[in-house]
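Engineer: There's a structure below that I have some questions on.
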Amino acid sequence: MIATATPASAEVYALSESPVWDPVRKRLLWVDIVAGTVHEGMLDEGKVTATVRHCACR
């Protein structure tokens, strides 16, 4: 079987990983390691829409 990857969003991140679904708030959380940011988003018809960005910048 061959898997085909498709983008979940039109947004571009330096190194995004560790997506976690928060079922209570119905949101997706993920980090962009290089940028030092944590992102929140919502799922809609198989696509991710980023809604909030938290910066851990110093």
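Simple scheme: letters A, B, ... for chains in structure tokens order, numbers from 1 for residues in each chain, numbers from 1 for ligands in the order shown.
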Which residues are close to segment 3-12 of chain A, i.e. within 7 Å by only C-alpha atoms, leaving aside same-chain residues fewer than 6 positions away? Reply as a list of chain:residue names.
Structural biologist: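 Skipping anything fewer than 6 positions along the chain leaves A:Gly46, A:Lys47, A:Val48, A:Thr49.
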Engineer: Of the residues A:Ser16, A:Arg53, A:Ile2, A:Trp21, which is the one nearest to Ile33 of chain A, using only C-alpha atoms?
Structural biologist: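 Of A:Ser16, A:Arg53, A:Ile2, A:Trp21, the one nearest Ile33 of chain A is A:Ser16, counting only C-alpha atoms.
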Engineer: Pick out the residues sitting within 6 Å of Leu29 of chain A, and hand them over as a list in words; count only C-alpha atoms, and ignore anything fewer than 2 positions along from it in its own chain.
Structural biologist: Pro19, Val20, His39 and Glu40 of chain A
Engineer: Limited to N, CA, C and O atoms, could you put the picked residues into a file as a PDB file, in the first residue's frame?
Structural biologist:
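File written: part33.pdb
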ATOM      1  N   PRO A  19       0.947  17.308  16.948  1.00  0.00           N
ATOM      2  CA  PRO A  19      -0.448  17.733  17.027  1.00  0.00           C
ATOM      3  C   PRO A  19      -1.186  16.951  18.119  1.00  0.00           C
ATOM      4  O   PRO A  19      -0.985  15.750  18.279  1.00  0.00           O
ATOM      5  N   VAL A  20      -2.006  17.669  18.880  1.00  0.00           N
ATOM      6  CA  VAL A  20      -2.795  17.062  19.953  1.00  0.00           C
ATOM      7  C   VAL A  20      -4.215  17.606  19.847  1.00  0.00           C
ATOM      8  O   VAL A  20      -4.408  18.826  19.730  1.00  0.00           O
ATOM      9  N   HIS A  39       0.514  26.644  18.587  1.00  0.00           N
ATOM     10  CA  HIS A  39      -0.619  27.077  17.766  1.00  0.00           C
ATOM     11  C   HIS A  39      -1.892  26.362  18.174  1.00  0.00           C
ATOM     12  O   HIS A  39      -1.866  25.214  18.598  1.00  0.00           O
ATOM     13  N   GLU A  40      -3.004  27.073  18.017  1.00  0.00           N
ATOM     14  CA  GLU A  40      -4.332  26.506  18.192  1.00  0.00           C
ATOM     15  C   GLU A  40      -5.048  26.611  16.852  1.00  0.00           C
ATOM     16  O   GLU A  40      -4.839  27.562  16.102  1.00  0.00           O
TER      17      GLU A  40
END
Engineer: Run DSSP on the backbone and grab whatever in chain A lands in strand (DSSP E); send it over as a ChimeraX atom specification.
Structural biologist: /A:16-22,27-32,37-44,47-55
Engineer: Would you put the residues from that selection into a file with N, CA and C atoms, as an mmCIF file, in the first residue's frame?
Structural biologist:
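Below you can see selection.cif, which holds the result:
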data_model
loop_
_atom_site.group_PDB
_atom_site.id
_atom_site.type_symbol
_atom_site.label_atom_id
_atom_site.label_comp_id
_atom_site.auth_asym_id
_atom_site.auth_seq_id
_atom_site.Cartn_x
_atom_site.Cartn_y
_atom_site.Cartn_z
ATOM 1 N N SER A 16 6.761 22.175 12.219
ATOM 2 C CA SER A 16 5.581 21.887 13.031
ATOM 3 C C SER A 16 5.510 20.413 13.353
ATOM 4 N N GLU A 17 5.125 20.132 14.599
ATOM 5 C CA GLU A 17 4.975 18.736 15.006
ATOM 6 C C GLU A 17 4.131 18.639 16.268
ATOM 7 N N SER A 18 3.909 17.413 16.683
ATOM 8 C CA SER A 18 3.194 17.070 17.925
ATOM 9 C C SER A 18 1.754 17.571 17.973
ATOM 10 N N PRO A 19 0.947 17.308 16.948
ATOM 11 C CA PRO A 19 -0.448 17.733 17.027
ATOM 12 C C PRO A 19 -1.186 16.951 18.119
ATOM 13 N N VAL A 20 -2.006 17.669 18.880
ATOM 14 C CA VAL A 20 -2.795 17.062 19.953
ATOM 15 C C VAL A 20 -4.215 17.606 19.847
ATOM 16 N N TRP A 21 -5.197 16.715 19.887
ATOM 17 C CA TRP A 21 -6.595 17.128 19.839
ATOM 18 C C TRP A 21 -7.098 17.351 21.259
ATOM 19 N N ASP A 22 -7.704 18.508 21.510
ATOM 20 C CA ASP A 22 -8.318 18.846 22.792
ATOM 21 C C ASP A 22 -9.823 18.668 22.619
ATOM 22 N N ARG A 27 -10.415 21.720 19.752
ATOM 23 C CA ARG A 27 -9.361 22.452 19.056
ATOM 24 C C ARG A 27 -8.148 21.541 18.877
ATOM 25 N N LEU A 28 -7.336 21.892 17.908
ATOM 26 C CA LEU A 28 -6.088 21.192 17.652
ATOM 27 C C LEU A 28 -4.955 22.082 18.144
ATOM 28 N N LEU A 29 -3.977 21.481 18.813
ATOM 29 C CA LEU A 29 -2.805 22.205 19.288
ATOM 30 C C LEU A 29 -1.571 21.590 18.648
ATOM 31 N N TRP A 30 -0.596 22.422 18.274
ATOM 32 C CA TRP A 30 0.667 21.918 17.749
ATOM 33 C C TRP A 30 1.749 22.955 17.990
ATOM 34 N N VAL A 31 3.000 22.535 17.869
ATOM 35 C CA VAL A 31 4.124 23.437 18.104
ATOM 36 C C VAL A 31 4.922 23.640 16.822
ATOM 37 N N ASP A 32 5.537 24.792 16.723
ATOM 38 C CA ASP A 32 6.524 25.063 15.678
ATOM 39 C C ASP A 32 7.837 25.242 16.434
ATOM 40 N N THR A 37 6.785 28.655 18.885
ATOM 41 C CA THR A 37 5.378 29.007 19.040
ATOM 42 C C THR A 37 4.514 27.765 19.242
ATOM 43 N N VAL A 38 3.398 27.977 19.941
ATOM 44 C CA VAL A 38 2.364 26.961 20.101
ATOM 45 C C VAL A 38 1.142 27.496 19.369
ATOM 46 N N HIS A 39 0.514 26.644 18.587
ATOM 47 C CA HIS A 39 -0.619 27.077 17.766
ATOM 48 C C HIS A 39 -1.892 26.362 18.174
ATOM 49 N N GLU A 40 -3.004 27.073 18.017
ATOM 50 C CA GLU A 40 -4.332 26.506 18.192
ATOM 51 C C GLU A 40 -5.048 26.611 16.852
ATOM 52 N N GLY A 41 -5.877 25.627 16.582
ATOM 53 C CA GLY A 41 -6.644 25.677 15.357
ATOM 54 C C GLY A 41 -7.890 24.835 15.456
ATOM 55 N N MET A 42 -8.697 24.939 14.436
ATOM 56 C CA MET A 42 -9.922 24.150 14.380
ATOM 57 C C MET A 42 -9.932 23.311 13.118
ATOM 58 N N LEU A 43 -10.621 22.190 13.191
ATOM 59 C CA LEU A 43 -10.748 21.300 12.038
ATOM 60 C C LEU A 43 -12.075 21.568 11.356
ATOM 61 N N ASP A 44 -12.029 21.637 10.034
ATOM 62 C CA ASP A 44 -13.240 21.855 9.252
ATOM 63 C C ASP A 44 -13.102 21.114 7.934
ATOM 64 N N LYS A 47 -9.580 20.019 6.928
ATOM 65 C CA LYS A 47 -8.566 21.074 6.852
ATOM 66 C C LYS A 47 -8.391 21.720 8.222
ATOM 67 N N VAL A 48 -7.189 22.229 8.472
ATOM 68 C CA VAL A 48 -6.885 22.907 9.727
ATOM 69 C C VAL A 48 -6.842 24.414 9.478
ATOM 70 N N THR A 49 -7.564 25.156 10.296
ATOM 71 C CA THR A 49 -7.528 26.607 10.242
ATOM 72 C C THR A 49 -6.904 27.104 11.538
ATOM 73 N N ALA A 50 -5.745 27.741 11.437
ATOM 74 C CA ALA A 50 -5.069 28.280 12.618
ATOM 75 C C ALA A 50 -5.874 29.453 13.154
ATOM 76 N N THR A 51 -6.058 29.489 14.487
ATOM 77 C CA THR A 51 -6.854 30.553 15.091
ATOM 78 C C THR A 51 -6.054 31.407 16.077
ATOM 79 N N VAL A 52 -5.075 30.805 16.781
ATOM 80 C CA VAL A 52 -4.311 31.535 17.795
ATOM 81 C C VAL A 52 -2.850 31.065 17.747
ATOM 82 N N ARG A 53 -1.928 32.005 17.954
ATOM 83 C CA ARG A 53 -0.513 31.661 18.042
ATOM 84 C C ARG A 53 0.015 32.218 19.365
ATOM 85 N N HIS A 54 0.666 31.347 20.139
ATOM 86 C CA HIS A 54 1.277 31.756 21.415
ATOM 87 C C HIS A 54 2.777 31.718 21.215
ATOM 88 N N CYS A 55 3.453 32.795 21.514
ATOM 89 C CA CYS A 55 4.895 32.874 21.335
ATOM 90 C C CYS A 55 5.612 32.622 22.656
#
